[in-house]
Amino acid sequence: MNCLYCGKEQSSRYSWLTVFRLKEEPALCLDCQERFQRISGDCCSICGRPLSEWPAEWPRSHCCLDCVRWEEDENWRSVLTKNVSLFYYNKGMKEWLARFKYRGDYHLARCFASEIRNEIRRMAPDKIVPIPLSEERLQERGFNQAKALVEEAGFHAEELLGRFHTEKQSKKSRIERIHLPEVFYMIHPASLANETVLLVDDIYTTGSTLRHAAKVLKKHGAQTVLALTLARG
């Protein structure tokens with residue numbers, strides 16, 4: 001089996017666990033696995049920001065300063081219950097995302113399928129909704145990276161949301177991202193009453209995108225909106 005990222009042939013590590021599919025063979029070779037750093041330890045209970053990244057003067061409470069600010073705003077309070085990010089947005093992840101999102105390497109969605117699958121099973125949502133791209137952005141990239149992550153992990157992606165076309169988020173400042181106008185709309189109205197909906201995206205930065213999407217889902221009856229992101233910026 002070759003590494004999905006670098007293409008190098010991996011040394012055989014089959015065991016009885018892999019033969020009987022009780023344990024998956026890793027999609028990445030050991031060298032490529034070392035490019036990515038899993039998030040662990042104490043994190044913000046809402047956004048998943050690692051405690052080690054909090055300002056020294058901020059009390060070591062359960063919630064980071066950014067999320068305190070979100071929760072103090074009555075327009076955004078309790079919109080997003082919790083985000084889980086799997087990896088740090090380090091150099092290795094930046095390079096991987098550049099190939100995946102902007103160079104059209106769809107097959108790279110399988111690199112972290114096992115990690116995403118395990119986390120979705122743990123969160124056990126009623127519906128999984130990928131953060132959508134605008135029609136213009138979808139034509140430009142060729143596929144929705146969030147949907148690809150969901151489907152390659154073996155789950156059905158509920159495409160309930162549409163997105164208005166705006167300037168790329170990467171070109172906006174943090175303040176501009178937070179104060180975005182309405183971004184999302186429901187394209188397939190569904191009964192979300194009393195349901196837990198999981199939003200999936202590639203990276204968490206300010207949390208604005210996820211909260212705008214969560215707000216639309218809440219307006220249409222979702223009881224709880226969680227989020228799963230591959231990386232935490």
# chains A, B, ... in the order shown; residues from 1 in each chain; ligands from 1

$ select_by_dssp --residues "region 30-121 of chain A" --states "strand (DSSP E or B)" --output "PDB file with C-alpha atoms, in the first residue's frame"
ATOM      1  CA  ARG A  38      -3.050  16.050  16.899  1.00  0.00           C
ATOM      2  CA  CYS A  43      -9.147  22.950  25.335  1.00  0.00           C
ATOM      3  CA  PRO A  50      -5.894  24.431  23.137  1.00  0.00           C
ATOM      4  CA  LYS A  82     -19.143  22.798  20.630  1.00  0.00           C
ATOM      5  CA  ASN A  83     -16.473  22.500  17.966  1.00  0.00           C
ATOM      6  CA  VAL A  84     -13.934  19.693  17.898  1.00  0.00           C
ATOM      7  CA  SER A  85     -10.766  20.248  15.854  1.00  0.00           C
ATOM      8  CA  LEU A  86      -8.509  17.274  15.214  1.00  0.00           C
ATOM      9  CA  PHE A  87      -5.173  18.845  14.244  1.00  0.00           C
ATOM     10  CA  TYR A  88      -3.153  22.015  14.710  1.00  0.00           C
TER      11      TYR A  88
END

$ residues_around --residues "region 142-152 of chain A" --least-positions-apart "3" --cutoff "12 Å" --atoms "only C-alpha atoms" --output "MDAnalysis selection string"
chainID A and resid 97:121 127:139 155:163 198:203 227:231

$ atom_distance --atom1 "CA of Pro189 (chain A)" --atom2 "CA of Cys47 (chain A)"
27.1 Å

$ residues_around --residues "region 213-217 of chain A" --least-positions-apart "3" --cutoff "8 Å" --atoms "only C-alpha atoms" --output "number ranges by chain"
A: 76, 79-80, 131, 161, 183-186, 192, 199, 209-210, 220-222, 225

$ closest_residue --among "A:Asn194, A:Ala124, A:Met93, A:Glu74" --to "Gln33 (chain A)" --atoms "only C-alpha atoms"
A:Met93

$ select_by_dssp --residues "region 81-207 of chain A" --states "alpha helix (DSSP H)" --output "number ranges by chain"
A: 91-97, 113-123, 135-141, 145-152, 174-178

$ atom_distance --atom1 "CA of Lys94 (chain A)" --atom2 "CA of Met1 (chain A)"
24.9 Å

$ decode --residues "region 55-77 of chain A" --atoms "N, CA and C atoms" --output "mmCIF file, in the first residue's frame"
data_model
loop_
_atom_site.group_PDB
_atom_site.id
_atom_site.type_symbol
_atom_site.label_atom_id
_atom_site.label_comp_id
_atom_site.auth_asym_id
_atom_site.auth_seq_id
_atom_site.Cartn_x
_atom_site.Cartn_y
_atom_site.Cartn_z
ATOM 1 N N PRO A 55 -4.063 33.537 26.092
ATOM 2 C CA PRO A 55 -3.211 34.584 26.676
ATOM 3 C C PRO A 55 -2.914 34.277 28.145
ATOM 4 N N ALA A 56 -1.699 34.576 28.567
ATOM 5 C CA ALA A 56 -1.281 34.249 29.934
ATOM 6 C C ALA A 56 -2.151 34.918 30.986
ATOM 7 N N GLU A 57 -2.670 36.110 30.650
ATOM 8 C CA GLU A 57 -3.457 36.849 31.634
ATOM 9 C C GLU A 57 -4.908 36.370 31.726
ATOM 10 N N TRP A 58 -5.316 35.491 30.777
ATOM 11 C CA TRP A 58 -6.709 35.027 30.778
ATOM 12 C C TRP A 58 -6.867 33.888 31.780
ATOM 13 N N PRO A 59 -7.873 33.955 32.660
ATOM 14 C CA PRO A 59 -8.084 32.890 33.650
ATOM 15 C C PRO A 59 -8.244 31.528 32.980
ATOM 16 N N ARG A 60 -7.666 30.526 33.576
ATOM 17 C CA ARG A 60 -7.747 29.162 33.009
ATOM 18 C C ARG A 60 -9.114 28.553 33.309
ATOM 19 N N SER A 61 -10.137 29.132 32.705
ATOM 20 C CA SER A 61 -11.497 28.640 32.894
ATOM 21 C C SER A 61 -11.825 27.642 31.784
ATOM 22 N N HIS A 62 -13.074 27.273 31.662
ATOM 23 C CA HIS A 62 -13.466 26.287 30.660
ATOM 24 C C HIS A 62 -13.655 26.910 29.283
ATOM 25 N N CYS A 63 -13.608 28.235 29.191
ATOM 26 C CA CYS A 63 -13.985 28.920 27.964
ATOM 27 C C CYS A 63 -12.954 30.005 27.631
ATOM 28 N N CYS A 64 -12.490 30.055 26.370
ATOM 29 C CA CYS A 64 -11.493 31.038 25.972
ATOM 30 C C CYS A 64 -12.129 32.420 25.796
ATOM 31 N N LEU A 65 -11.290 33.432 25.676
ATOM 32 C CA LEU A 65 -11.764 34.806 25.586
ATOM 33 C C LEU A 65 -12.628 35.034 24.349
ATOM 34 N N ASP A 66 -12.236 34.454 23.207
ATOM 35 C CA ASP A 66 -13.029 34.630 21.990
ATOM 36 C C ASP A 66 -14.458 34.115 22.187
ATOM 37 N N CYS A 67 -14.581 32.947 22.792
ATOM 38 C CA CYS A 67 -15.912 32.371 22.976
ATOM 39 C C CYS A 67 -16.715 33.124 24.033
ATOM 40 N N VAL A 68 -16.035 33.664 25.044
ATOM 41 C CA VAL A 68 -16.731 34.513 26.016
ATOM 42 C C VAL A 68 -17.358 35.700 25.297
ATOM 43 N N ARG A 69 -16.622 36.291 24.369
ATOM 44 C CA ARG A 69 -17.151 37.427 23.609
ATOM 45 C C ARG A 69 -18.341 37.024 22.757
ATOM 46 N N TRP A 70 -18.236 35.865 22.104
ATOM 47 C CA TRP A 70 -19.378 35.374 21.323
ATOM 48 C C TRP A 70 -20.595 35.161 22.218
ATOM 49 N N GLU A 71 -20.380 34.539 23.363
ATOM 50 C CA GLU A 71 -21.495 34.201 24.242
ATOM 51 C C GLU A 71 -22.086 35.438 24.933
ATOM 52 N N GLU A 72 -21.342 36.511 25.023
ATOM 53 C CA GLU A 72 -21.875 37.745 25.604
ATOM 54 C C GLU A 72 -22.792 38.485 24.638
ATOM 55 N N ASP A 73 -22.711 38.137 23.363
ATOM 56 C CA ASP A 73 -23.556 38.756 22.337
ATOM 57 C C ASP A 73 -24.850 37.952 22.231
ATOM 58 N N GLU A 74 -25.970 38.601 22.534
ATOM 59 C CA GLU A 74 -27.246 37.871 22.557
ATOM 60 C C GLU A 74 -27.632 37.322 21.187
ATOM 61 N N ASN A 75 -27.064 37.856 20.129
ATOM 62 C CA ASN A 75 -27.365 37.356 18.783
ATOM 63 C C ASN A 75 -26.671 36.017 18.498
ATOM 64 N N TRP A 76 -25.621 35.718 19.266
ATOM 65 C CA TRP A 76 -24.833 34.523 18.974
ATOM 66 C C TRP A 76 -24.751 33.549 20.141
ATOM 67 N N ARG A 77 -25.317 33.919 21.268
ATOM 68 C CA ARG A 77 -25.240 33.076 22.462
ATOM 69 C C ARG A 77 -25.853 31.695 22.207
#
